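Chemist: Please find my_file.cif (mmCIF, C-alpha atoms) on the next line:
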data_data
loop_
_atom_site.label_atom_id
_atom_site.label_comp_id
_atom_site.auth_asym_id
_atom_site.auth_seq_id
_atom_site.Cartn_x
_atom_site.Cartn_y
_atom_site.Cartn_z
CA MET T 1 38.98 18.05 164.45
CA ASP T 2 35.69 17.22 166.12
CA ALA T 3 34.24 20.69 166.48
CA VAL T 4 32.79 22.62 163.62
CA ASN T 5 34.11 26.15 163.51
CA ASP T 6 32.30 29.19 162.20
CA ALA T 7 34.21 29.92 159.03
CA ALA T 8 35.56 27.44 156.49
CA ASN T 9 37.10 26.08 159.66
CA HIS T 10 39.15 23.32 158.22
CA THR T 11 36.17 21.79 156.41
CA ALA T 12 37.01 23.23 153.01
CA GLU T 13 36.47 21.38 149.78
CA SER T 14 38.39 19.06 147.48
CA VAL T 15 41.61 18.83 145.57
CA PRO T 16 42.05 16.99 142.28
CA GLY T 17 43.26 13.45 142.65
CA PRO T 18 42.30 9.80 142.31
CA PRO T 19 39.03 8.52 143.75
CA SER T 20 39.02 7.80 147.46
CA THR T 21 37.25 4.96 149.22
CA ALA T 22 38.15 6.11 152.69
CA SER T 23 34.73 7.58 153.40
CA ALA T 24 31.37 5.93 153.02
CA PRO T 25 29.09 7.86 150.63
CA ALA T 26 26.50 10.12 152.16
CA GLU T 27 23.02 10.44 150.75
CA GLY T 28 23.33 11.82 147.25
CA GLY T 29 27.02 10.85 147.24
CA PRO T 30 28.97 8.75 144.74
CA GLY T 31 27.01 5.65 145.64
CA HIS T 32 23.94 7.31 144.15
CA LYS T 33 23.64 8.07 140.44
CA THR T 34 22.06 11.48 140.83
CA GLY T 35 24.65 13.65 139.13
CA SER T 36 25.62 15.07 142.52
CA ARG T 37 28.95 14.14 144.09
CA LEU T 38 29.84 14.86 147.70
CA TYR T 39 32.98 12.71 147.90
CA PRO T 40 34.24 12.09 144.36
CA ARG T 41 38.01 12.23 144.89
CA VAL T 42 40.76 12.60 147.46
CA THR T 43 39.26 15.36 149.53
CA SER T 44 40.61 18.20 151.61
CA PHE T 45 37.56 18.15 153.87
CA ARG T 46 37.14 15.63 156.65
CA SER T 47 34.14 13.35 156.39
CA ARG T 48 31.78 13.93 159.28
CA ARG T 49 28.16 13.20 160.00
CA GLY T 50 25.56 14.82 162.16
CA ALA T 51 21.81 14.94 162.46
CA LEU T 52 19.79 18.12 162.16
CA THR T 53 17.70 19.27 165.08
CA ALA T 54 13.96 19.40 164.58
CA THR T 55 13.98 23.17 164.14
CA GLN T 56 16.92 22.99 161.75
CA GLN T 57 15.10 20.38 159.67
CA GLN T 58 11.97 22.52 159.54
CA SER T 59 13.95 25.55 158.38
CA TRP T 60 15.85 23.38 155.88
CA ASP T 61 12.60 22.04 154.43
CA ARG T 62 11.22 25.55 154.03
CA MET T 63 14.32 27.23 152.63
CA TRP T 64 16.55 24.70 150.86
CA PRO T 65 14.36 24.26 147.75
CA SER T 66 14.83 27.93 146.91
CA ILE T 67 18.30 28.80 148.27
CA GLY T 68 20.16 25.48 148.18
CA ARG T 69 21.25 22.84 145.68
CA GLU T 70 23.42 19.76 145.56
CA VAL T 71 26.54 20.11 143.43
CA ALA T 72 25.94 18.71 139.94
CA ASP T 73 27.36 18.83 136.41
CA GLU T 74 24.96 21.42 135.00
CA PRO T 75 26.27 24.96 134.40
CA LEU T 76 24.92 27.36 136.98
CA ASP T 77 22.66 30.24 135.91
CA ALA T 78 23.38 32.48 138.88
CA ALA T 79 21.30 35.41 137.64
CA ALA T 80 18.21 33.24 137.37
CA TRP T 81 18.82 31.63 140.77
CA PHE T 82 19.25 34.96 142.54
CA GLY T 83 16.62 36.71 140.47
CA ARG T 84 19.06 39.45 139.53
CA ASP T 85 22.28 40.04 137.64
CA ALA T 86 24.98 41.06 140.15
CA PRO T 87 28.70 40.38 140.75
CA LEU T 88 29.14 36.77 141.88
CA VAL T 89 31.37 35.69 144.77
CA ILE T 90 31.85 32.14 146.04
CA GLU T 91 33.06 31.14 149.48
CA ILE T 92 34.65 27.71 149.64
CA GLY T 93 34.02 25.94 152.93
CA CYS T 94 31.49 28.30 154.51
CA GLY T 95 31.08 26.10 157.62
CA THR T 96 28.25 27.33 159.84
CA GLY T 97 28.17 30.60 157.95
CA THR T 98 28.94 33.24 160.57
CA ALA T 99 31.33 35.04 158.21
CA THR T 100 29.19 34.27 155.17
CA ALA T 101 26.09 35.91 156.60
CA ALA T 102 27.96 38.95 157.93
CA MET T 103 29.72 39.59 154.62
CA ALA T 104 26.52 39.14 152.63
CA GLN T 105 24.79 41.71 154.82
CA ALA T 106 27.74 44.10 154.50
CA GLU T 107 27.81 43.70 150.70
CA PRO T 108 24.17 43.53 149.57
CA HIS T 109 25.18 44.42 146.01
CA LEU T 110 26.97 41.06 145.63
CA ASN T 111 25.51 37.63 144.95
CA LEU T 112 27.24 35.21 147.35
CA ILE T 113 27.33 31.42 147.01
CA GLY T 114 28.61 29.40 149.97
CA ILE T 115 29.94 25.89 149.29
CA GLU T 116 30.08 23.30 152.07
CA VAL T 117 29.68 19.54 152.53
CA TYR T 118 28.69 19.42 156.21
CA GLN T 119 24.89 19.57 156.35
CA PRO T 120 24.47 20.56 160.03
CA GLY T 121 26.76 23.51 159.42
CA LEU T 122 24.78 24.53 156.37
CA ALA T 123 21.58 24.11 158.38
CA GLN T 124 22.77 26.71 160.90
CA LEU T 125 23.37 29.14 158.05
CA VAL T 126 19.99 28.32 156.52
CA GLN T 127 18.35 29.17 159.83
CA ARG T 128 20.14 32.50 159.99
CA ILE T 129 19.25 33.34 156.39
CA GLU T 130 15.59 32.68 157.19
CA ARG T 131 15.63 34.43 160.56
CA GLU T 132 17.39 37.58 159.31
CA GLY T 133 15.86 37.69 155.84
CA ILE T 134 19.21 37.61 154.00
CA GLU T 135 18.40 37.62 150.30
CA ASN T 136 21.80 37.52 148.57
CA ILE T 137 23.08 34.09 149.71
CA ARG T 138 22.68 30.78 147.89
CA LEU T 139 24.22 27.47 149.03
CA LEU T 140 25.77 24.50 147.26
CA ARG T 141 26.38 21.25 149.10
CA GLY T 142 29.29 19.26 147.72
CA ASP T 143 32.77 19.51 146.26
CA ALA T 144 33.99 23.01 145.38
CA VAL T 145 36.33 21.73 142.67
CA ASP T 146 33.31 20.19 140.94
CA VAL T 147 31.58 23.55 141.21
CA LEU T 148 34.52 25.36 139.64
CA GLU T 149 35.03 22.77 136.92
CA ASN T 150 31.44 22.09 135.92
CA MET T 151 29.11 24.79 137.20
CA ILE T 152 31.02 28.07 136.90
CA ALA T 153 31.88 29.65 133.55
CA ALA T 154 35.32 31.00 132.76
CA GLU T 155 35.89 34.60 133.85
CA SER T 156 32.51 34.86 135.56
CA LEU T 157 33.45 35.33 139.23
CA THR T 158 34.14 38.63 140.92
CA GLY T 159 35.63 36.95 143.97
CA VAL T 160 36.61 33.67 145.60
CA ARG T 161 37.04 33.43 149.38
CA VAL T 162 38.75 30.54 151.17
CA PHE T 163 38.88 31.14 154.91
CA PHE T 164 40.73 28.70 157.19
CA PRO T 165 40.88 25.63 154.93
CA ASP T 166 42.04 22.42 156.58
CA PRO T 167 45.87 22.60 156.71
CA TRP T 168 46.35 18.80 156.78
CA PRO T 169 49.56 19.35 158.78
CA LYS T 170 51.09 15.87 158.42
CA ALA T 171 53.40 15.65 155.40
CA ARG T 172 51.73 12.51 154.10
CA HIS T 173 48.42 14.39 153.94
CA HIS T 174 49.68 17.49 152.13
CA LYS T 175 48.23 16.17 148.86
CA ARG T 176 44.80 16.68 150.41
CA ARG T 177 45.28 20.41 150.80
CA LEU T 178 42.78 22.37 148.75
CA LEU T 179 45.05 25.12 147.48
CA GLN T 180 47.36 23.24 145.16
CA PRO T 181 48.66 24.73 141.88
CA ALA T 182 45.95 23.07 139.77
CA THR T 183 43.14 24.36 141.97
CA VAL T 184 44.56 27.89 142.18
CA ALA T 185 44.93 27.92 138.39
CA LEU T 186 41.30 26.79 138.12
CA ILE T 187 40.20 29.58 140.45
CA ALA T 188 42.23 32.13 138.48
CA GLY T 189 40.59 30.99 135.27
CA ARG T 190 37.11 31.45 136.74
CA LEU T 191 37.83 34.96 138.03
CA LYS T 192 37.01 37.95 135.89
CA PRO T 193 39.92 40.29 135.13
CA GLY T 194 40.24 42.35 138.29
CA GLY T 195 38.53 39.65 140.37
CA VAL T 196 39.89 38.81 143.81
CA LEU T 197 41.08 35.62 145.52
CA HIS T 198 41.14 36.11 149.31
CA VAL T 199 42.62 33.38 151.50
CA ALA T 200 43.06 33.37 155.28
CA THR T 201 44.80 30.72 157.38
CA ASP T 202 46.09 30.37 160.93
CA HIS T 203 48.58 27.62 160.01
CA ALA T 204 52.08 28.96 159.31
CA ASP T 205 53.27 26.08 157.13
CA TYR T 206 50.11 26.12 155.03
CA ALA T 207 50.42 29.89 154.70
CA GLU T 208 53.88 29.42 153.20
CA HIS T 209 52.54 26.76 150.85
CA ILE T 210 49.59 28.93 149.72
CA HIS T 211 51.87 31.93 149.28
CA ALA T 212 54.23 29.97 147.04
CA VAL T 213 51.39 28.56 144.96
CA GLY T 214 49.64 31.90 144.54
CA MET T 215 52.80 33.79 143.67
CA ALA T 216 53.61 31.19 140.99
CA GLU T 217 50.21 31.59 139.29
CA PRO T 218 50.79 33.88 136.28
CA LEU T 219 47.21 35.18 136.18
CA LEU T 220 47.38 36.59 139.72
CA GLN T 221 49.08 39.63 141.21
CA GLY T 222 49.45 40.51 144.88
CA LEU T 223 47.06 43.04 146.38
CA ASN T 224 48.16 43.08 150.02
CA GLU T 225 51.47 43.16 151.83
CA ALA T 226 51.65 39.40 152.33
CA THR T 227 51.51 38.91 148.55
CA GLY T 228 53.87 41.75 147.61
CA GLY T 229 51.23 44.42 147.11
CA VAL T 230 50.02 47.45 149.04
CA SER T 231 46.54 46.90 150.41
CA GLU T 232 45.72 50.60 150.76
CA GLU T 233 46.28 51.05 147.03
CA HIS T 234 43.63 48.45 146.22
CA ARG T 235 41.20 48.45 149.14
CA GLY T 236 39.07 51.24 147.73
CA THR T 237 38.94 49.95 144.17
CA ALA T 238 38.72 46.17 144.67
CA PRO T 239 35.32 44.73 143.71
CA ILE T 240 34.95 42.94 147.07
CA GLY T 241 35.90 44.00 150.58
CA PHE T 242 39.14 42.90 152.20
CA GLU T 243 37.64 42.85 155.71
CA ARG T 244 36.39 39.69 157.41
CA PRO T 245 34.26 39.32 160.53
CA VAL T 246 36.12 37.61 163.36
CA THR T 247 34.49 34.24 164.02
CA LYS T 248 34.64 32.11 167.15
CA PHE T 249 37.24 29.96 165.46
CA GLU T 250 39.46 32.93 164.69
CA GLY T 251 39.02 34.23 168.24
CA LYS T 252 40.29 30.89 169.55
CA ALA T 253 43.27 31.08 167.21
CA HIS T 254 44.12 34.56 168.49
CA ARG T 255 43.87 33.43 172.10
CA ALA T 256 46.12 30.47 171.34
CA GLY T 257 48.71 32.84 169.90
CA SER T 258 48.28 31.71 166.30
CA ALA T 259 48.97 34.39 163.72
CA ILE T 260 46.37 34.87 160.99
CA THR T 261 47.82 35.23 157.51
CA GLU T 262 45.74 37.07 154.91
CA LEU T 263 46.70 36.43 151.28
CA ILE T 264 44.90 38.53 148.68
CA TRP T 265 45.48 38.36 144.93
CA GLY T 266 43.80 40.00 141.97
CA LYS T 267 43.31 38.58 138.49
CA ILE T 268 45.55 40.44 136.06
CA ASP T 269 43.57 42.60 133.65
CA ARG T 270 45.34 42.06 130.38
#
Show me the file's structure as structure tokens.

Modeler:
Amino acid sequence: MDAVNDAANHTAESVPGPPSTASAPAEGGPGHKTGSRLYPRVTSFRSRRGALTATQQQSWDRMWPSIGREVADEPLDAAAWFGRDAPLVIEIGCGTGTATAAMAQAEPHLNLIGIEVYQPGLAQLVQRIEREGIENIRLLRGDAVDVLENMIAAESLTGVRVFFPDPWPKARHHKRRLLQPATVALIAGRLKPGGVLHVATDHADYAEHIHAVGMAEPLLQGLNEATGGVSEEHRGTAPIGFERPVTKFEGKAHRAGSAITELIWGKIDR
């Protein structure tokens, strides 16, 4: 895809696998020994480049030192970064951040971290955060699997959102899909008991794949109809909202006749 959509928009993060040499390293990437890895393995995001506009760069320079970081190996102290102790939610593949910003504003009691590799998309979100004074968003640029493995403690997340990850529709590319059993198990391990994994996709085959993987994960139980639960029984008690703002990308999918599948699981409270 050439266009960048508003949500995770098929630019989601990485799946475990052997190192890839298909993409040249970006600044701060694997060609640089900085402890930050943008392209460390076979990825589920598509490598793309783009320059920031002058106004985006100015906003980036003002805001990124306080609200953004490159993905690294150090454990994340979210309470210190946000300046408060609040339930932590991560969004994998936040794209240009339309959904991210809207959900953060609708849920000011949550600390929200968006993870994305595409800098111009992040820059659009940075501009909106600055323009609208959104205080409960922080941003990580790099590989979400690295974040989950190295920066997030076990049973520390209240929610994980993955909206419209790249479906990699060709069979030979299915290994690049983000939501494989190992990654879903990793997400489940990082969720607190009662925490929520919310996935949305407009690709029917990928929806079937995600459904099968999620239903096979023993730490997760279905919270909405697509996962064998009853959403009305959980909507009022779940620690994060089930609603999503409709982005431009999703609007295009609706107009094209593509069905949106919502898959919501909760971490079993044993």

Chemist: I'd like the contact shell of Asn136 (chain T) - 8 Å cut-off, all atoms listed in the file, skipping same-chain residues fewer than 3 positions apart - returned as a ChimeraX atom specification.

Modeler: /T:82,104,108,110-112

Chemist: Go through T:Arg69, T:Arg190, T:Arg84, T:His203 one by one, measure the shortest atom-to-atom distance of each to Leu140 (chain T) using only C-alpha atoms, and give the residue with the smallest value.

Modeler: T:Arg69

Chemist: Report as a PyMOL selection string all protein, DNA and RNA residues lying within 12 Å of Leu148 (chain T), evaluated on only C-alpha atoms, omitting residues in the same chain fewer than 5 positions from it.

Modeler: chain T and resi 13-16+71-76+89-92+113+115+140+142-143+153-157+160+182-191

Chemist: I'd like the residues picked by the PyMOL selection byres ((chain T and resi 223) around 10) written out as a count of residues only, using the chain letters and numbers from the file.

Modeler: 25

Chemist: Some atoms are absent from region 137-164 of chain T, so rebuild N, CA and C atoms and return them as a tab-separated table (two decimals), in the coordinates of the input.

Modeler:
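Wrote it out as part38.tsv, contents follow:
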chain	number	residue	atom	x	y	z
T	137	ILE	N	22.28	35.30	149.50
T	137	ILE	CA	23.08	34.09	149.71
T	137	ILE	C	22.37	32.91	149.07
T	138	ARG	N	23.13	32.09	148.36
T	138	ARG	CA	22.68	30.78	147.89
T	138	ARG	C	23.73	29.76	148.34
T	139	LEU	N	23.34	28.49	148.45
T	139	LEU	CA	24.22	27.47	149.03
T	139	LEU	C	24.31	26.26	148.12
T	140	LEU	N	25.52	25.74	148.00
T	140	LEU	CA	25.77	24.50	147.26
T	140	LEU	C	26.40	23.50	148.22
T	141	ARG	N	25.85	22.30	148.23
T	141	ARG	CA	26.38	21.25	149.10
T	141	ARG	C	27.15	20.24	148.26
T	142	GLY	N	28.46	20.19	148.47
T	142	GLY	CA	29.29	19.26	147.72
T	142	GLY	C	30.70	19.79	147.55
T	143	ASP	N	31.36	19.30	146.51
T	143	ASP	CA	32.77	19.51	146.26
T	143	ASP	C	33.00	20.80	145.47
T	144	ALA	N	33.76	21.72	146.02
T	144	ALA	CA	33.99	23.01	145.38
T	144	ALA	C	34.74	22.89	144.06
T	145	VAL	N	35.62	21.90	143.94
T	145	VAL	CA	36.33	21.73	142.67
T	145	VAL	C	35.34	21.34	141.58
T	146	ASP	N	34.37	20.50	141.91
T	146	ASP	CA	33.31	20.19	140.94
T	146	ASP	C	32.55	21.44	140.54
T	147	VAL	N	32.28	22.30	141.51
T	147	VAL	CA	31.58	23.55	141.21
T	147	VAL	C	32.39	24.37	140.22
T	148	LEU	N	33.67	24.54	140.50
T	148	LEU	CA	34.52	25.36	139.64
T	148	LEU	C	34.69	24.74	138.26
T	149	GLU	N	34.81	23.42	138.21
T	149	GLU	CA	35.03	22.77	136.92
T	149	GLU	C	33.78	22.71	136.06
T	150	ASN	N	32.63	22.44	136.68
T	150	ASN	CA	31.44	22.09	135.92
T	150	ASN	C	30.30	23.09	135.98
T	151	MET	N	30.27	23.94	137.00
T	151	MET	CA	29.11	24.79	137.20
T	151	MET	C	29.39	26.27	136.96
T	152	ILE	N	30.65	26.67	137.00
T	152	ILE	CA	31.02	28.07	136.90
T	152	ILE	C	31.73	28.32	135.57
T	153	ALA	N	31.27	29.31	134.83
T	153	ALA	CA	31.88	29.65	133.55
T	153	ALA	C	33.20	30.36	133.74
T	154	ALA	N	34.05	30.28	132.73
T	154	ALA	CA	35.32	31.00	132.76
T	154	ALA	C	35.08	32.50	132.88
T	155	GLU	N	35.92	33.15	133.67
T	155	GLU	CA	35.89	34.60	133.85
T	155	GLU	C	34.50	35.13	134.19
T	156	SER	N	33.85	34.45	135.15
T	156	SER	CA	32.51	34.86	135.56
T	156	SER	C	32.42	35.26	137.03
T	157	LEU	N	33.49	35.05	137.80
T	157	LEU	CA	33.45	35.33	139.23
T	157	LEU	C	34.14	36.65	139.56
T	158	THR	N	33.52	37.40	140.43
T	158	THR	CA	34.14	38.63	140.92
T	158	THR	C	35.06	38.34	142.10
T	159	GLY	N	34.78	37.28	142.84
T	159	GLY	CA	35.63	36.95	143.97
T	159	GLY	C	35.52	35.51	144.39
T	160	VAL	N	36.58	35.00	144.98
T	160	VAL	CA	36.61	33.67	145.60
T	160	VAL	C	37.23	33.84	146.98
T	161	ARG	N	36.55	33.35	148.01
T	161	ARG	CA	37.04	33.43	149.38
T	161	ARG	C	37.27	32.03	149.93
T	162	VAL	N	38.41	31.83	150.55
T	162	VAL	CA	38.75	30.54	151.17
T	162	VAL	C	39.31	30.87	152.55
T	163	PHE	N	38.48	30.75	153.57
T	163	PHE	CA	38.88	31.14	154.91
T	163	PHE	C	39.11	29.91	155.78
T	164	PHE	N	40.33	29.76	156.26
T	164	PHE	CA	40.73	28.70	157.19
T	164	PHE	C	40.46	27.29	156.63
